[in-house]
>>> print(open('upload_20.cif').read())   # mmCIF, C-alpha atoms
data_coords
loop_
_atom_site.label_atom_id
_atom_site.label_comp_id
_atom_site.auth_asym_id
_atom_site.auth_seq_id
_atom_site.Cartn_x
_atom_site.Cartn_y
_atom_site.Cartn_z
CA MET A 1 -23.63 -5.86 -8.26
CA GLU A 2 -22.07 -2.64 -9.41
CA ARG A 3 -18.32 -2.49 -9.83
CA PRO A 4 -16.59 -1.34 -6.63
CA ASP A 5 -14.12 0.41 -8.99
CA LEU A 6 -16.68 3.12 -9.66
CA LYS A 7 -17.05 4.19 -6.05
CA GLN A 8 -13.31 4.01 -5.46
CA ALA A 9 -12.72 6.06 -8.60
CA LEU A 10 -15.20 8.67 -7.40
CA VAL A 11 -13.43 8.91 -4.06
CA ARG A 12 -10.08 9.33 -5.81
CA LEU A 13 -11.41 11.85 -8.33
CA LEU A 14 -13.44 13.99 -5.95
CA GLY A 15 -11.39 13.73 -2.75
CA PRO A 16 -12.72 14.60 0.69
CA ALA A 17 -15.74 16.90 0.89
CA GLU A 18 -14.66 18.49 4.16
CA PRO A 19 -11.82 21.02 4.66
CA GLU A 20 -8.38 19.40 4.65
CA LEU A 21 -4.75 20.24 5.28
CA GLY A 22 -2.19 20.38 2.47
CA CYS A 23 0.74 17.94 2.21
CA ASP A 24 3.24 20.29 3.87
CA GLU A 25 0.94 21.00 6.82
CA CYS A 26 0.18 17.29 7.11
CA PHE A 27 3.90 16.49 7.31
CA ALA A 28 4.41 19.22 9.92
CA GLU A 29 1.68 17.73 12.14
CA LEU A 30 2.38 14.04 11.45
CA ASP A 31 4.52 13.26 14.52
CA ARG A 32 2.17 15.06 16.93
CA TYR A 33 -0.89 13.41 15.40
CA VAL A 34 0.58 9.91 15.66
CA GLU A 35 1.61 10.36 19.29
CA LEU A 36 -1.85 11.68 20.18
CA GLU A 37 -3.44 8.69 18.43
CA LEU A 38 -1.20 6.20 20.21
CA ALA A 39 -1.93 7.90 23.54
CA GLY A 40 -5.66 7.43 22.93
CA ALA A 41 -6.28 11.19 22.68
CA ASP A 42 -8.66 12.82 20.22
CA ALA A 43 -6.10 13.48 17.49
CA ASP A 44 -8.76 14.55 14.97
CA ALA A 45 -10.00 17.32 17.27
CA ALA A 46 -6.44 18.45 17.97
CA VAL A 47 -5.44 18.56 14.30
CA PRO A 48 -8.53 19.48 12.21
CA GLY A 49 -8.28 18.57 8.54
CA PHE A 50 -5.56 15.97 9.04
CA GLN A 51 -7.79 12.90 8.65
CA ALA A 52 -9.54 14.44 5.64
CA HIS A 53 -6.17 14.97 3.97
CA LEU A 54 -5.19 11.34 4.53
CA ALA A 55 -8.43 10.33 2.79
CA GLY A 56 -7.41 12.36 -0.26
CA CYS A 57 -3.65 11.80 -0.41
CA PRO A 58 -2.29 8.23 -0.71
CA ALA A 59 1.34 9.28 -0.18
CA CYS A 60 0.64 11.08 3.10
CA ARG A 61 -1.59 8.17 4.13
CA GLU A 62 1.30 5.74 3.62
CA GLU A 63 3.62 7.90 5.70
CA HIS A 64 1.07 8.16 8.49
CA GLU A 65 0.56 4.38 8.51
CA SER A 66 4.31 3.80 8.59
CA LEU A 67 5.05 6.24 11.42
CA ARG A 68 2.17 4.88 13.45
CA ALA A 69 3.37 1.31 12.91
CA LEU A 70 7.00 2.17 13.71
CA VAL A 71 6.33 4.19 16.88
CA GLY A 72 3.48 1.93 17.98
CA GLY A 73 5.69 -1.11 17.55
CA GLU A 74 8.42 0.44 19.67
CA GLN A 75 5.96 1.32 22.42
CA ALA A 76 4.67 -2.24 22.45
CA LEU A 77 8.15 -3.63 23.15
CA MET B 1 -1.61 36.34 25.94
CA GLU B 2 1.54 34.37 26.59
CA THR B 3 1.89 31.14 24.65
CA VAL B 4 2.29 28.11 26.87
CA ARG B 5 5.01 25.88 25.46
CA PRO B 6 4.77 22.17 26.16
CA ALA B 7 7.47 20.64 28.30
CA ILE B 8 10.01 18.76 26.22
CA ASP B 9 10.84 15.36 27.65
CA LEU B 10 14.31 14.67 29.01
CA ASP B 11 15.43 12.35 26.22
CA SER B 12 14.39 14.86 23.54
CA ARG B 13 16.16 17.68 25.36
CA ARG B 14 19.30 15.56 25.45
CA TRP B 15 19.08 14.99 21.69
CA LEU B 16 18.76 18.74 21.12
CA HIS B 17 21.62 19.52 23.48
CA ASP B 18 23.97 17.00 21.91
CA LEU B 19 23.09 17.94 18.32
CA ARG B 20 23.83 21.60 19.15
CA ALA B 21 27.08 20.75 20.92
CA SER B 22 30.51 20.49 19.31
CA GLY B 23 33.34 17.99 19.22
CA SER B 24 32.82 14.37 20.15
CA THR B 25 29.42 15.02 21.79
CA TYR B 26 28.12 16.30 18.46
CA ASP B 27 29.80 13.58 16.42
CA ASP B 28 28.41 10.84 18.67
CA ALA B 29 24.91 12.34 18.50
CA VAL B 30 25.02 12.54 14.70
CA ALA B 31 26.14 8.90 14.53
CA ARG B 32 23.28 7.85 16.84
CA LEU B 33 20.83 9.92 14.83
CA HIS B 34 21.97 8.33 11.58
CA ALA B 35 21.54 4.85 13.08
CA LEU B 36 18.03 5.80 14.22
CA LEU B 37 17.11 7.15 10.78
CA LEU B 38 18.55 4.09 9.06
CA ARG B 39 16.41 1.85 11.26
CA ALA B 40 13.31 3.82 10.24
CA ALA B 41 14.26 3.76 6.55
CA ARG B 42 14.83 -0.01 6.68
CA PHE B 43 11.47 -0.39 8.41
CA GLU B 44 9.79 1.45 5.52
CA VAL B 45 11.68 -0.54 2.88
CA ALA B 46 10.62 -3.79 4.56
CA ARG B 47 6.97 -2.66 4.64
CA ARG B 48 6.99 -1.78 0.94
CA ARG B 49 9.07 -4.74 -0.19
CA PRO B 50 6.09 -6.89 -1.30
CA THR B 51 5.11 -4.15 -3.76
CA LEU B 52 8.61 -4.07 -5.25
CA PRO B 53 9.35 -7.65 -6.32
CA HIS B 54 11.70 -6.54 -9.10
CA LEU B 55 14.16 -4.89 -6.69
CA ARG B 56 16.98 -6.98 -5.24
CA GLY B 57 18.03 -6.94 -1.61
CA ASN B 58 21.16 -4.89 -2.15
CA GLU B 59 19.20 -2.27 -4.12
CA LEU B 60 16.74 -1.99 -1.24
CA ASP B 61 19.62 -1.65 1.23
CA ASP B 62 21.05 1.16 -0.92
CA ILE B 63 17.68 2.93 -0.97
CA ALA B 64 17.43 2.70 2.84
CA LEU B 65 20.95 4.07 3.27
CA GLU B 66 20.35 6.94 0.82
CA ALA B 67 17.09 7.74 2.60
CA ALA B 68 18.83 7.81 5.99
CA ASP B 69 21.62 10.04 4.61
CA ASP B 70 19.13 12.52 3.12
CA ALA B 71 16.94 12.45 6.21
CA LEU B 72 19.99 13.20 8.40
CA VAL B 73 20.72 16.33 6.37
CA ASN B 74 17.08 17.42 6.61
CA VAL B 75 16.80 16.78 10.35
CA LEU B 76 19.99 18.73 11.11
CA ARG B 77 18.95 21.57 8.81
CA ARG B 78 15.49 21.80 10.38
CA LEU B 79 16.48 21.23 13.99
CA ASP B 80 15.23 24.68 15.01
CA SER B 81 11.77 23.85 13.68
CA TYR B 82 11.35 21.02 16.20
CA ARG B 83 8.66 22.34 18.54
CA GLY B 84 8.67 19.62 21.14
CA LEU B 85 5.09 18.62 20.33
CA SER B 86 6.19 14.98 20.04
CA ARG B 87 9.25 13.09 21.16
CA PHE B 88 12.34 14.03 19.19
CA THR B 89 12.74 10.49 17.86
CA THR B 90 9.15 10.46 16.49
CA TRP B 91 9.80 13.82 14.83
CA ALA B 92 13.07 12.57 13.31
CA TYR B 93 11.59 9.25 12.15
CA LYS B 94 9.12 10.96 9.85
CA PHE B 95 11.95 12.44 7.77
CA ALA B 96 13.42 8.97 7.17
CA LEU B 97 10.03 7.47 6.34
CA LEU B 98 9.33 10.32 3.91
CA GLU B 99 12.68 9.94 2.14
CA ALA B 100 12.39 6.16 1.92
CA GLY B 101 8.78 6.32 0.69
CA VAL B 102 9.57 8.88 -1.99
CA LYS B 103 12.62 6.93 -3.21
CA LEU B 104 10.68 3.66 -3.32
CA ARG B 105 7.79 5.18 -5.26
CA ARG B 106 10.15 6.82 -7.72
CA ARG B 107 12.16 3.62 -8.16
CA ALA B 108 8.98 1.65 -8.81
CA TRP B 109 8.14 4.07 -11.65
CA GLN B 110 11.66 4.44 -13.02
CA GLY B 111 11.62 4.06 -16.81
CA ARG B 112 7.83 3.88 -16.93
CA GLU B 113 5.78 6.33 -18.90
CA VAL B 114 3.64 8.56 -16.69
CA PRO B 115 0.14 8.50 -18.22
CA LEU B 116 -1.44 11.94 -18.31
CA GLU B 117 -4.52 11.03 -20.37
CA PRO B 118 -7.51 9.04 -19.09
CA GLU B 119 -6.87 5.31 -19.45
CA SER B 120 -9.49 3.56 -17.46
CA TRP B 121 -13.00 4.93 -18.04
CA ALA B 122 -14.06 1.71 -19.72
CA LEU B 123 -13.01 -0.27 -16.65
CA LEU B 124 -15.47 1.67 -14.50
CA ALA B 125 -18.57 1.13 -16.58
CA GLY B 126 -20.84 -1.89 -16.48
CA GLY B 127 -22.11 -4.23 -13.81
CA SER B 128 -25.27 -2.23 -13.02
CA PRO B 129 -28.16 -4.32 -11.72
CA THR B 130 -30.96 -2.56 -13.65
CA PRO B 131 -31.33 -0.58 -16.91
CA GLU B 132 -32.23 2.52 -14.86
CA ARG B 133 -29.08 2.12 -12.86
CA GLU B 134 -27.07 1.62 -16.04
CA LEU B 135 -28.47 4.90 -17.35
CA ALA B 136 -27.63 6.78 -14.14
CA GLN B 137 -24.12 5.36 -14.24
CA GLN B 138 -23.64 6.46 -17.83
CA GLU B 139 -24.90 9.91 -16.90
CA LEU B 140 -22.43 10.11 -13.99
CA LEU B 141 -19.47 8.93 -16.07
CA GLY B 142 -20.43 11.25 -18.93
CA SER B 143 -20.67 14.22 -16.59
CA LEU B 144 -17.34 13.36 -14.98
CA GLN B 145 -15.66 13.17 -18.39
CA ARG B 146 -17.24 16.45 -19.52
CA GLY B 147 -16.24 18.11 -16.25
CA ILE B 148 -12.64 16.98 -16.64
CA ALA B 149 -12.57 18.07 -20.29
CA GLU B 150 -14.34 21.39 -19.93
CA ALA B 151 -14.25 22.70 -16.35
CA LEU B 152 -10.54 22.28 -15.62
CA THR B 153 -7.46 24.09 -16.88
CA PRO B 154 -5.06 21.90 -18.93
CA HIS B 155 -2.68 21.68 -15.95
CA GLN B 156 -5.48 20.76 -13.52
CA ARG B 157 -6.69 18.14 -15.99
CA GLN B 158 -3.22 16.57 -16.34
CA VAL B 159 -2.69 16.47 -12.59
CA LEU B 160 -6.14 15.09 -11.73
CA VAL B 161 -6.04 12.42 -14.42
CA ALA B 162 -2.50 11.29 -13.59
CA LEU B 163 -2.95 11.21 -9.81
CA ALA B 164 -6.60 10.31 -9.27
CA LEU B 165 -7.49 8.29 -12.34
CA ASN B 166 -4.25 6.66 -13.47
CA GLY B 167 -2.72 6.12 -10.02
CA VAL B 168 0.59 7.89 -10.60
CA PRO B 169 2.23 8.54 -7.20
CA ILE B 170 2.37 12.24 -6.38
CA ASP B 171 6.15 12.23 -5.85
CA VAL B 172 6.69 10.63 -9.25
CA LEU B 173 4.54 13.24 -10.97
CA ALA B 174 6.21 16.04 -8.99
CA GLU B 175 9.61 14.87 -10.24
CA ARG B 176 8.44 14.58 -13.88
CA LEU B 177 6.75 18.00 -13.83
CA GLU B 178 9.62 19.57 -11.83
CA THR B 179 7.39 20.79 -9.03
CA THR B 180 6.68 19.88 -5.39
CA ARG B 181 4.22 17.51 -3.77
CA GLY B 182 2.59 20.44 -1.95
CA ALA B 183 2.07 22.44 -5.16
CA LEU B 184 0.66 19.40 -6.97
CA TYR B 185 -1.75 18.61 -4.16
CA LYS B 186 -3.00 22.21 -4.23
CA THR B 187 -3.69 21.81 -7.96
CA LEU B 188 -5.42 18.47 -7.30
CA HIS B 189 -7.52 20.05 -4.56
CA ASP B 190 -8.64 22.90 -6.84
CA ALA B 191 -9.44 20.46 -9.66
CA ARG B 192 -11.51 18.27 -7.33
CA ARG B 193 -13.46 21.29 -6.11
CA LYS B 194 -14.24 22.36 -9.70
CA LEU B 195 -15.30 18.83 -10.61
CA ARG B 196 -17.64 18.64 -7.61
CA GLU B 197 -19.13 22.00 -8.65
CA HIS B 198 -19.58 20.73 -12.21
CA LEU B 199 -21.41 17.60 -11.02
CA ALA B 200 -23.62 19.65 -8.67
CA ALA B 201 -24.52 22.01 -11.52
CA ALA B 202 -25.47 18.96 -13.60
CA GLY B 203 -27.82 17.86 -10.82
CA ILE B 204 -25.77 14.81 -9.82
CA SER B 205 -25.63 13.97 -6.12
CA VAL B 206 -22.13 12.76 -5.41
CA GLU B 207 -23.04 11.86 -1.84
CA ALA B 208 -25.76 9.47 -3.06
CA TRP B 209 -23.17 7.53 -5.09
CA LEU B 210 -20.57 7.58 -2.32
CA GLU B 211 -22.92 6.53 0.45
CA GLU B 212 -24.33 3.51 -1.35
CA ASP B 213 -23.21 0.01 -0.40
#
>>> encode(input="upload_20.cif", output="structure tokens")
Amino acid sequence: MERPDLKQALVRLLGPAEPELGCDECFAELDRYVELELAGADADAAVPGFQAHLAGCPACREEHESLRALVGGEQAL
Amino acid sequence: METVRPAIDLDSRRWLHDLRASGSTYDDAVARLHALLLRAARFEVARRRPTLPHLRGNELDDIALEAADDALVNVLRRLDSYRGLSRFTTWAYKFALLEAGVKLRRRAWQGREVPLEPESWALLAGGSPTPERELAQQELLGSLQRGIAEALTPHQRQVLVALALNGVPIDVLAERLETTRGALYKTLHDARRKLREHLAAAGISVEAWLEED
């Protein structure tokens, strides 16, 4: 089997193929996106390019995961 | 056409009112906000703790406190940019998570050299099931290396290699190169686009490689 590293490296090197937000726009939309997600709404349709940016930016992806976990955890209490 | 503004929930309106007040109302609100931001920063530190085994508990506490302090300044400075599109607490949390995440990534790389030249091409090669596949893989890797060497500006090359190939966190590189995350990501985006164009011109289908199991 081929090394999974190669595919992962390609993803990291080439990033998302579709249009994406930048880091500043992603941060500006982060709170709205997370609340839409947790409410079961179509967050991707509401904030085009957000999901693509997360695919290309590990730092923004971490912040999205953290905010979702923090707010989602509070809502579950 | 008139813009319809979303209704801001009662709790968020109270936060805004109190943080724009004066005297003890303001002081109490700032104290509550700091406690909220500290909780978020500690949450982030706890999530990242397994990746930071060399940091002691008191160092992590200090990072959380510094993150909450910096986030407080940012939230108060940017209060007028809160649009009411989420609850105020969700909006405020993201500043604490950002500060904590940036500080943790930078601390993890403190004293480490930031590699700006390709380190790991050899790790990617090999493991192909057939000679034909091996050949196609060599062609892909060769084209990627040529694209990085020839199609990109020196700055684009440095940024792409450090971030995408060598795994340097974007905040760490931004600090070392004295720039911002947003500016670096723009450079990364442009470099990726050029590299895709280079591969397409060489007749290599990126999608075929990415879609394979």
>>> resolve_selection(input="upload_20.cif", expression="the PyMOL selection byres ((chain A and resi 15) around 8)", output="PyMOL selection string")
(chain A and resi 10-14+16-17+55-56) or (chain B and resi 189+192)
>>> residues_around(input="upload_20.cif", residues="Leu67 of chain A", least_positions_apart="6", cutoff="9 Å", atoms="only C-alpha atoms", output="ChimeraX atom specification")
/A:30-31,34 /B:40,44,90,93-94,97
>>> resolve_selection(input="upload_20.cif", expression="the PyMOL selection byres ((chain A) within 10 of (chain B))", output="ChimeraX atom specification")
/A:1-17,20-36,53,56-60,62-64,66-71
>>> resolve_selection(input="upload_20.cif", expression="the PyMOL selection byres ((chain B and resi 52-58) around 12)", output="list in words")
Arg42, Val45, Ala46, Arg47, Arg48, Arg49, Pro50, Thr51, Glu59, Leu60, Asp61, Asp62, Ile63, Ala64, Leu65, Gly101, Lys103, Leu104, Arg105, Arg106, Arg107, Ala108, Trp109 and Gln110 of chain B
>>> write_last_selection(input="upload_20.cif", atoms="C-alpha atoms", output="mmCIF file, in the coordinates of the input")
data_model
loop_
_atom_site.group_PDB
_atom_site.id
_atom_site.type_symbol
_atom_site.label_atom_id
_atom_site.label_comp_id
_atom_site.auth_asym_id
_atom_site.auth_seq_id
_atom_site.Cartn_x
_atom_site.Cartn_y
_atom_site.Cartn_z
ATOM 1 C CA ARG B 42 14.830 -0.010 6.680
ATOM 2 C CA VAL B 45 11.680 -0.540 2.880
ATOM 3 C CA ALA B 46 10.620 -3.790 4.560
ATOM 4 C CA ARG B 47 6.970 -2.660 4.640
ATOM 5 C CA ARG B 48 6.990 -1.780 0.940
ATOM 6 C CA ARG B 49 9.070 -4.740 -0.190
ATOM 7 C CA PRO B 50 6.090 -6.890 -1.300
ATOM 8 C CA THR B 51 5.110 -4.150 -3.760
ATOM 9 C CA GLU B 59 19.200 -2.270 -4.120
ATOM 10 C CA LEU B 60 16.740 -1.990 -1.240
ATOM 11 C CA ASP B 61 19.620 -1.650 1.230
ATOM 12 C CA ASP B 62 21.050 1.160 -0.920
ATOM 13 C CA ILE B 63 17.680 2.930 -0.970
ATOM 14 C CA ALA B 64 17.430 2.700 2.840
ATOM 15 C CA LEU B 65 20.950 4.070 3.270
ATOM 16 C CA GLY B 101 8.780 6.320 0.690
ATOM 17 C CA LYS B 103 12.620 6.930 -3.210
ATOM 18 C CA LEU B 104 10.680 3.660 -3.320
ATOM 19 C CA ARG B 105 7.790 5.180 -5.260
ATOM 20 C CA ARG B 106 10.150 6.820 -7.720
ATOM 21 C CA ARG B 107 12.160 3.620 -8.160
ATOM 22 C CA ALA B 108 8.980 1.650 -8.810
ATOM 23 C CA TRP B 109 8.140 4.070 -11.650
ATOM 24 C CA GLN B 110 11.660 4.440 -13.020
#
>>> atom_distance(input="upload_20.cif", atom1="atom CA of Arg112 of chain B", atom2="atom CA of Glu66 of chain B")
21.9 Å
>>> residues_around(input="upload_20.cif", residues="Ile204 of chain B", least_positions_apart="6", cutoff="9 Å", atoms="all atoms listed in the file", output="list in words")
Glu139, Leu140, Ser143 and His198 of chain B
>>> closest_residue(input="upload_20.cif", among="B:Ala29, B:Ala208, B:Asp9, B:Val159", to="Leu116 of chain B", atoms="only C-alpha atoms")
B:Val159
>>> atom_distance(input="upload_20.cif", atom1="atom CA of Asp190 of chain B", atom2="atom CA of Val168 of chain B")
18.0 Å
>>> axis_aligned_box(input="upload_20.cif", around="segment 57-64 of chain A", padding_each_side="4 Å", output="JSON")
{"center_x": 0.0, "center_y": 8.8, "center_z": 3.9, "size_x": 15.3, "size_y": 14.1, "size_z": 17.2}
>>> atom_distance(input="upload_20.cif", atom1="atom CA of Gln156 of chain B", atom2="atom CA of Gly203 of chain B")
22.7 Å
>>> residues_around(input="upload_20.cif", residues="Glu18 of chain A", least_positions_apart="4", cutoff="10 Å", atoms="only C-alpha atoms", output="PyMOL selection string")
chain A and resi 49+51-53
>>> closest_residue(input="upload_20.cif", among="B:Ala202, B:Asp80, B:Arg14, B:Leu37", to="Ala67 of chain B", atoms="only C-alpha atoms")
B:Leu37
